[in-house]
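Colleague: If you scroll down you'll find the structure; I have some questions about it.
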Amino acid sequence: MEYCVFSKSFQVMDAEQLGKTLSQMDIEGVDLTVREGGHINPQKVENGLPLFQEILSKYNLKISMLTTSIVEMNGETKKIVETASRLKIKYIKLGYWKYTGFGYYKEQMKQIKKSLSQLEPLFKDNKIKAGFHTHSGEFMGLNANHVLRLIENCDPEVIGIYYDTGHNTIEGSHCGWMIDLDLIQQRLFMIAIKDLAWLKNDNSEKKKWVKKVVPLGEGLVDWEKFVKCLKQINFDGPVSFHSEYRGPSSWKDLSTQEIIKQTVQDIKYFRSLINDNF
């Protein structure tokens, strides 16, 4: 496995600051945002991404994967994929397709499958593995089982699943997450490390319970069982720590320094489980 940190929670840092910070976290790389508002503007990817990679390399960090908004074939998509390939970045996270409401699922499925069929040759020609993220809530592909339906016609070596521990557990309940992981193990490309919990919302009359990102071990994810599953399938792809501890989605709105501290604790917690079971 290759450990990396999702750069979303560190958007305030430039490449130099990010390199200095992450070099002290006992990880190999960065899950870099290449999307609007991210570390790299997609329109500037051809020059921006090589420069970012060069700066990170000074701190012995690699770009393990890219998080993008790619959902269709266009000129911007082509630039991102070809630049990643040239820099030997092998993994790209796709963007999101929102679920538009009851009665539209089948039509949306057709549209997504068509988009993926158009994207697949570009990824294949550039030797890129594209991961479809499992994201709970009103998203197509809200868990691994749903993603598998959407990518069933794609080349399993080209388009696979980016399994999110927190989101898949929220949608997978007691054992659904494990059955999902068992079902998709041959299509598993990347893993997002995140813990989620249902917390009582005392400030709302409409929603009594809301999902929140919490530190690893404080939420619904059964980390020990999850790690044992990874061992059984010999997973060796990128493992991205998401550290989304800022804003209303987090159980607490942490400062950048607090996020750094919590990320270090999360990595230490996960590594201890890996060391005990591998």
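Naming works like this for the structure tokens: A, B, ... for the chains as they're shown, residue 1 at the start of each chain, ligands 1 onward in shown order.
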Quick one: residues within 9 Å of Asp236 in chain A, only C-alpha atoms counted, chain neighbours fewer than 6 positions away excluded, as a PyMOL selection string?

Modeller: chain A and resi 1-2+189-190+230

Colleague: Create the file for the chosen residues now, containing C-alpha atoms and written as a compact mmCIF listing (two decimals), in the first residue's frame.

Modeller:
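Result file again-v2.txt:
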# COMPACT_ATOMS: atom_id res chain seq x y z
CA MET A 1 0.00 0.00 0.00
CA GLU A 2 1.07 3.53 -0.70
CA PHE A 189 -8.10 0.59 -7.36
CA MET A 190 -7.82 3.10 -4.49
CA LEU A 230 -7.34 -5.71 2.95

Colleague: When you look at range 71-82 of chain A with a cut-off of 7 Å (counting only C-alpha atoms), what residues show up, excluding the ones that are within fewer than 4 positions of it in the same chain? I need them as a ChimeraX atom specification.

Modeller: /A:42-43,45-46,86,94-96,115,118-119,123,126

Colleague: Quick one: DSSP alpha helix (DSSP H) residues in range 88-225 of chain A, as a VMD selection string?

Modeller: chain A and resid 105 to 125 144 to 151 165 to 172 176 to 184 223 to 225

Colleague: Filtering to N, CA and C atoms, could you give me those residues as a tab-separated table (two decimals), in the first residue's frame?

Modeller:
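And here's again14.tsv as it stands now:
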chain	number	residue	atom	x	y	z
A	105	TYR	N	-33.18	7.21	-12.14
A	105	TYR	CA	-31.96	6.43	-11.98
A	105	TYR	C	-31.54	5.71	-13.27
A	106	LYS	N	-32.48	5.01	-13.89
A	106	LYS	CA	-32.13	4.20	-15.07
A	106	LYS	C	-31.63	5.06	-16.22
A	107	GLU	N	-32.25	6.22	-16.40
A	107	GLU	CA	-31.81	7.11	-17.47
A	107	GLU	C	-30.43	7.67	-17.16
A	108	GLN	N	-30.21	8.03	-15.90
A	108	GLN	CA	-28.89	8.51	-15.51
A	108	GLN	C	-27.82	7.44	-15.67
A	109	MET	N	-28.18	6.21	-15.35
A	109	MET	CA	-27.24	5.11	-15.52
A	109	MET	C	-26.79	5.00	-16.98
A	110	LYS	N	-27.72	5.11	-17.89
A	110	LYS	CA	-27.38	5.04	-19.32
A	110	LYS	C	-26.42	6.17	-19.70
A	111	GLN	N	-26.68	7.36	-19.20
A	111	GLN	CA	-25.84	8.51	-19.53
A	111	GLN	C	-24.43	8.35	-18.97
A	112	ILE	N	-24.34	7.84	-17.74
A	112	ILE	CA	-23.02	7.65	-17.13
A	112	ILE	C	-22.23	6.57	-17.86
A	113	LYS	N	-22.89	5.48	-18.19
A	113	LYS	CA	-22.21	4.41	-18.93
A	113	LYS	C	-21.70	4.90	-20.28
A	114	LYS	N	-22.47	5.77	-20.91
A	114	LYS	CA	-22.04	6.34	-22.19
A	114	LYS	C	-20.80	7.21	-22.00
A	115	SER	N	-20.81	8.04	-20.95
A	115	SER	CA	-19.66	8.90	-20.67
A	115	SER	C	-18.41	8.08	-20.37
A	116	LEU	N	-18.58	7.03	-19.58
A	116	LEU	CA	-17.43	6.18	-19.23
A	116	LEU	C	-16.87	5.47	-20.46
A	117	SER	N	-17.76	5.05	-21.38
A	117	SER	CA	-17.29	4.38	-22.60
A	117	SER	C	-16.49	5.33	-23.48
A	118	GLN	N	-16.82	6.62	-23.42
A	118	GLN	CA	-16.07	7.62	-24.19
A	118	GLN	C	-14.74	7.97	-23.54
A	119	LEU	N	-14.70	7.89	-22.21
A	119	LEU	CA	-13.48	8.21	-21.47
A	119	LEU	C	-12.47	7.06	-21.47
A	120	GLU	N	-12.96	5.85	-21.50
A	120	GLU	CA	-12.11	4.67	-21.33
A	120	GLU	C	-10.92	4.61	-22.28
A	121	PRO	N	-11.09	4.87	-23.59
A	121	PRO	CA	-9.92	4.79	-24.48
A	121	PRO	C	-8.81	5.76	-24.10
A	122	LEU	N	-9.17	6.95	-23.64
A	122	LEU	CA	-8.16	7.93	-23.24
A	122	LEU	C	-7.35	7.42	-22.05
A	123	PHE	N	-8.04	6.89	-21.05
A	123	PHE	CA	-7.34	6.34	-19.88
A	123	PHE	C	-6.47	5.15	-20.29
A	124	LYS	N	-7.01	4.30	-21.12
A	124	LYS	CA	-6.28	3.09	-21.53
A	124	LYS	C	-5.02	3.45	-22.31
A	125	ASP	N	-5.13	4.36	-23.25
A	125	ASP	CA	-3.99	4.76	-24.07
A	125	ASP	C	-2.89	5.39	-23.23
A	144	ALA	N	-20.23	0.86	-3.09
A	144	ALA	CA	-19.46	0.09	-4.06
A	144	ALA	C	-20.33	-0.77	-4.96
A	145	ASN	N	-21.41	-1.27	-4.42
A	145	ASN	CA	-22.32	-2.10	-5.22
A	145	ASN	C	-22.93	-1.29	-6.36
A	146	HIS	N	-23.34	-0.07	-6.06
A	146	HIS	CA	-23.91	0.80	-7.10
A	146	HIS	C	-22.86	1.19	-8.13
A	147	VAL	N	-21.64	1.48	-7.67
A	147	VAL	CA	-20.57	1.82	-8.61
A	147	VAL	C	-20.31	0.65	-9.56
A	148	LEU	N	-20.32	-0.56	-9.02
A	148	LEU	CA	-20.06	-1.73	-9.84
A	148	LEU	C	-21.08	-1.85	-10.96
A	149	ARG	N	-22.33	-1.51	-10.68
A	149	ARG	CA	-23.36	-1.53	-11.73
A	149	ARG	C	-23.05	-0.53	-12.84
A	150	LEU	N	-22.52	0.61	-12.43
A	150	LEU	CA	-22.26	1.68	-13.40
A	150	LEU	C	-21.03	1.40	-14.26
A	151	ILE	N	-20.07	0.66	-13.74
A	151	ILE	CA	-18.83	0.41	-14.49
A	151	ILE	C	-18.76	-1.02	-15.03
A	165	THR	N	-14.08	4.34	2.92
A	165	THR	CA	-14.48	3.58	4.12
A	165	THR	C	-15.65	4.20	4.84
A	166	GLY	N	-15.63	5.51	5.02
A	166	GLY	CA	-16.70	6.18	5.76
A	166	GLY	C	-18.01	6.19	5.01
A	167	HIS	N	-17.96	6.63	3.76
A	167	HIS	CA	-19.19	6.72	2.96
A	167	HIS	C	-19.81	5.35	2.73
A	168	ASN	N	-18.97	4.35	2.47
A	168	ASN	CA	-19.52	3.03	2.20
A	168	ASN	C	-20.13	2.41	3.46
A	169	THR	N	-19.56	2.74	4.63
A	169	THR	CA	-20.12	2.22	5.87
A	169	THR	C	-21.46	2.89	6.20
A	170	ILE	N	-21.54	4.20	5.96
A	170	ILE	CA	-22.81	4.92	6.18
A	170	ILE	C	-23.93	4.29	5.34
A	171	GLU	N	-23.63	3.96	4.10
A	171	GLU	CA	-24.64	3.37	3.21
A	171	GLU	C	-24.69	1.85	3.34
A	172	GLY	N	-23.67	1.25	3.96
A	172	GLY	CA	-23.58	-0.20	4.01
A	172	GLY	C	-23.94	-0.82	5.33
A	176	GLY	N	-23.00	-4.54	5.28
A	176	GLY	CA	-23.09	-4.22	3.86
A	176	GLY	C	-21.77	-3.75	3.29
A	177	TRP	N	-21.01	-2.98	4.08
A	177	TRP	CA	-19.71	-2.48	3.61
A	177	TRP	C	-18.77	-3.63	3.28
A	178	MET	N	-18.84	-4.71	4.10
A	178	MET	CA	-17.94	-5.85	3.89
A	178	MET	C	-18.35	-6.66	2.67
A	179	ILE	N	-19.66	-6.87	2.52
A	179	ILE	CA	-20.14	-7.59	1.35
A	179	ILE	C	-19.81	-6.81	0.08
A	180	ASP	N	-19.97	-5.47	0.15
A	180	ASP	CA	-19.59	-4.62	-0.99
A	180	ASP	C	-18.12	-4.81	-1.34
A	181	LEU	N	-17.26	-4.77	-0.33
A	181	LEU	CA	-15.83	-4.91	-0.56
A	181	LEU	C	-15.49	-6.28	-1.13
A	182	ASP	N	-16.17	-7.29	-0.65
A	182	ASP	CA	-15.98	-8.65	-1.16
A	182	ASP	C	-16.40	-8.72	-2.63
A	183	LEU	N	-17.52	-8.08	-2.92
A	183	LEU	CA	-18.07	-8.11	-4.27
A	183	LEU	C	-17.18	-7.42	-5.29
A	184	ILE	N	-16.52	-6.34	-4.88
A	184	ILE	CA	-15.79	-5.51	-5.85
A	184	ILE	C	-14.27	-5.66	-5.75
A	223	TRP	N	-12.63	-0.69	11.83
A	223	TRP	CA	-11.30	-0.63	11.23
A	223	TRP	C	-10.55	-1.95	11.31
A	224	GLU	N	-10.69	-2.67	12.39
A	224	GLU	CA	-9.96	-3.93	12.51
A	224	GLU	C	-10.43	-4.94	11.47
A	225	LYS	N	-11.74	-5.04	11.29
A	225	LYS	CA	-12.27	-5.96	10.27
A	225	LYS	C	-11.88	-5.50	8.88

Colleague: Quick one: contact table of range 46-142 of chain A to range 8-24 of chain A, 12 Å max, nearest atom pair and distance in Å to one decimal per residue, counting only C-alpha atoms, chain and number order, as CSV?

Modeller:
residue,atom,partner,partner_atom,distance
A:Gly48,CA,A:Ala15,CA,10.3
A:Leu49,CA,A:Ala15,CA,10.2
A:Pro50,CA,A:Ala15,CA,11.3
A:Leu51,CA,A:Ala15,CA,8.7
A:Phe52,CA,A:Ala15,CA,5.8
A:Gln53,CA,A:Ala15,CA,8.4
A:Glu54,CA,A:Ala15,CA,9.3
A:Ile55,CA,A:Glu16,CA,6.3
A:Leu56,CA,A:Gly19,CA,5.2
A:Ser57,CA,A:Gly19,CA,8.2
A:Lys58,CA,A:Gly19,CA,7.9
A:Tyr59,CA,A:Gly19,CA,5.8
A:Asn60,CA,A:Ser23,CA,7.3
A:Leu61,CA,A:Ser23,CA,7.0
A:Lys62,CA,A:Gly19,CA,9.7
A:Ile63,CA,A:Gly19,CA,10.8
A:Leu66,CA,A:Lys8,CA,11.2
A:Thr67,CA,A:Lys8,CA,9.2
A:Thr68,CA,A:Lys8,CA,11.3

Colleague: CA of Asp266 in chain A and CA of Lys90 in chain A are how many Å apart?

Modeller: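 So the two atoms, CA of Asp266 in chain A and CA of Lys90 in chain A, lie 25.1 Å apart.
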
Colleague: Run DSSP on the backbone and give me the residues of range 58-257 of chain A it puts in strand (DSSP E), as a PyMOL selection string.

Modeller: chain A and resi 62-68+91-93+129-133+159-164+188-193+195-200+209-214+238-241

Colleague: Next, dump the selected residues to file, keeping only N, CA and C atoms, as a compact mmCIF listing (two decimals), in the first residue's frame.

Modeller:
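Result saved to result_12.txt:
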# COMPACT_ATOMS: atom_id res chain seq x y z
N LYS A 62 5.83 11.88 -3.55
CA LYS A 62 5.36 11.71 -4.91
C LYS A 62 3.89 12.08 -4.99
N ILE A 63 3.41 12.30 -6.19
CA ILE A 63 1.97 12.49 -6.40
C ILE A 63 1.39 11.10 -6.65
N SER A 64 0.73 10.56 -5.63
CA SER A 64 0.23 9.19 -5.70
C SER A 64 -0.98 9.07 -6.62
N MET A 65 -1.81 10.12 -6.64
CA MET A 65 -3.03 10.10 -7.44
C MET A 65 -3.54 11.53 -7.58
N LEU A 66 -4.44 11.72 -8.53
CA LEU A 66 -5.08 13.02 -8.74
C LEU A 66 -6.56 12.91 -8.44
N THR A 67 -7.10 13.90 -7.76
CA THR A 67 -8.54 14.00 -7.57
C THR A 67 -9.04 15.07 -8.53
N THR A 68 -9.92 14.68 -9.44
CA THR A 68 -10.38 15.57 -10.50
C THR A 68 -11.91 15.67 -10.51
N TYR A 91 -2.90 6.97 -11.14
CA TYR A 91 -4.27 6.89 -10.64
C TYR A 91 -4.96 8.25 -10.69
N ILE A 92 -6.20 8.23 -11.17
CA ILE A 92 -7.01 9.45 -11.22
C ILE A 92 -8.40 9.15 -10.67
N LYS A 93 -8.85 10.00 -9.77
CA LYS A 93 -10.23 9.91 -9.27
C LYS A 93 -11.14 10.70 -10.20
N LYS A 129 -5.29 4.37 -14.39
CA LYS A 129 -6.40 3.69 -13.73
C LYS A 129 -7.33 4.76 -13.16
N ALA A 130 -8.57 4.77 -13.60
CA ALA A 130 -9.55 5.77 -13.16
C ALA A 130 -10.46 5.16 -12.10
N GLY A 131 -10.57 5.83 -10.96
CA GLY A 131 -11.39 5.33 -9.86
C GLY A 131 -12.68 6.11 -9.69
N PHE A 132 -13.79 5.39 -9.61
CA PHE A 132 -15.12 5.95 -9.37
C PHE A 132 -15.34 5.92 -7.86
N HIS A 133 -15.43 7.10 -7.25
CA HIS A 133 -15.50 7.23 -5.79
C HIS A 133 -16.88 6.84 -5.25
N ILE A 159 -11.02 1.17 -15.61
CA ILE A 159 -11.95 1.91 -14.77
C ILE A 159 -12.41 1.01 -13.63
N GLY A 160 -12.11 1.44 -12.40
CA GLY A 160 -12.44 0.64 -11.23
C GLY A 160 -13.05 1.47 -10.13
N ILE A 161 -12.90 1.01 -8.90
CA ILE A 161 -13.60 1.61 -7.77
C ILE A 161 -12.62 2.25 -6.79
N TYR A 162 -12.97 3.45 -6.39
CA TYR A 162 -12.26 4.18 -5.33
C TYR A 162 -13.14 4.05 -4.08
N TYR A 163 -12.80 3.10 -3.23
CA TYR A 163 -13.64 2.72 -2.09
C TYR A 163 -13.40 3.66 -0.91
N ASP A 164 -14.47 4.32 -0.45
CA ASP A 164 -14.39 5.23 0.68
C ASP A 164 -14.94 4.53 1.92
N LEU A 188 -11.04 -3.08 -7.28
CA LEU A 188 -10.63 -2.09 -6.30
C LEU A 188 -9.30 -1.45 -6.70
N PHE A 189 -9.31 -0.13 -6.94
CA PHE A 189 -8.10 0.59 -7.36
C PHE A 189 -7.48 1.39 -6.22
N MET A 190 -8.32 2.20 -5.53
CA MET A 190 -7.82 3.10 -4.49
C MET A 190 -8.76 3.05 -3.29
N ILE A 191 -8.26 3.53 -2.14
CA ILE A 191 -9.07 3.55 -0.92
C ILE A 191 -8.96 4.92 -0.26
N ALA A 192 -10.11 5.48 0.11
CA ALA A 192 -10.16 6.72 0.88
C ALA A 192 -10.37 6.36 2.35
N ILE A 193 -9.47 6.83 3.20
CA ILE A 193 -9.55 6.54 4.63
C ILE A 193 -10.29 7.68 5.34
N ASP A 195 -13.62 8.26 8.57
CA ASP A 195 -14.61 7.69 9.48
C ASP A 195 -15.78 8.66 9.59
N LEU A 196 -16.99 8.11 9.59
CA LEU A 196 -18.20 8.92 9.68
C LEU A 196 -19.07 8.43 10.83
N ALA A 197 -19.89 9.33 11.34
CA ALA A 197 -20.81 8.97 12.43
C ALA A 197 -22.11 9.74 12.25
N TRP A 198 -23.20 9.16 12.77
CA TRP A 198 -24.46 9.88 12.85
C TRP A 198 -24.50 10.60 14.19
N LEU A 199 -24.65 11.92 14.16
CA LEU A 199 -24.68 12.71 15.38
C LEU A 199 -26.02 13.43 15.50
N LYS A 200 -26.50 13.56 16.72
CA LYS A 200 -27.78 14.22 16.97
C LYS A 200 -27.65 15.71 16.66
N TRP A 209 -30.79 13.78 12.88
CA TRP A 209 -29.47 13.16 12.85
C TRP A 209 -28.75 13.59 11.58
N VAL A 210 -27.47 13.89 11.69
CA VAL A 210 -26.66 14.29 10.55
C VAL A 210 -25.37 13.49 10.55
N LYS A 211 -24.84 13.23 9.37
CA LYS A 211 -23.57 12.51 9.29
C LYS A 211 -22.42 13.50 9.37
N LYS A 212 -21.40 13.14 10.12
CA LYS A 212 -20.24 14.00 10.33
C LYS A 212 -18.96 13.19 10.20
N VAL A 213 -17.92 13.84 9.70
CA VAL A 213 -16.59 13.23 9.68
C VAL A 213 -16.01 13.31 11.09
N VAL A 214 -15.50 12.19 11.57
CA VAL A 214 -14.92 12.12 12.92
C VAL A 214 -13.54 11.46 12.83
N PRO A 238 -3.07 2.91 -3.80
CA PRO A 238 -3.00 4.11 -2.96
C PRO A 238 -4.07 4.11 -1.86
N VAL A 239 -3.65 4.55 -0.68
CA VAL A 239 -4.55 4.71 0.47
C VAL A 239 -4.48 6.18 0.85
N SER A 240 -5.59 6.89 0.66
CA SER A 240 -5.62 8.34 0.83
C SER A 240 -6.33 8.74 2.12
N PHE A 241 -5.61 9.43 3.00
CA PHE A 241 -6.19 9.93 4.25
C PHE A 241 -6.87 11.26 3.97

Colleague: In Å to one decimal, how far is CA of Val221 in chain A from CA of Asn277 in chain A?

Modeller: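 Computing the Euclidean distance for CA of Asn277 in chain A and CA of Val221 in chain A yields 16.7 Å.
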
Colleague: For a test of reading the model, state the distance in Å between CA of Val5 in chain A and CA of Ser255 in chain A, rounded to one decimal.

Modeller: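 Computing it gives 16.8 Å between the two atoms.
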
Colleague: Write out as a PyMOL selection string the residues lying within 10 Å of Asp26 in chain A, counting only C-alpha atoms and excluding same-chain residues fewer than 2 positions away.

Modeller: chain A and resi 3-4+22-24+28-29+264+267-268+271
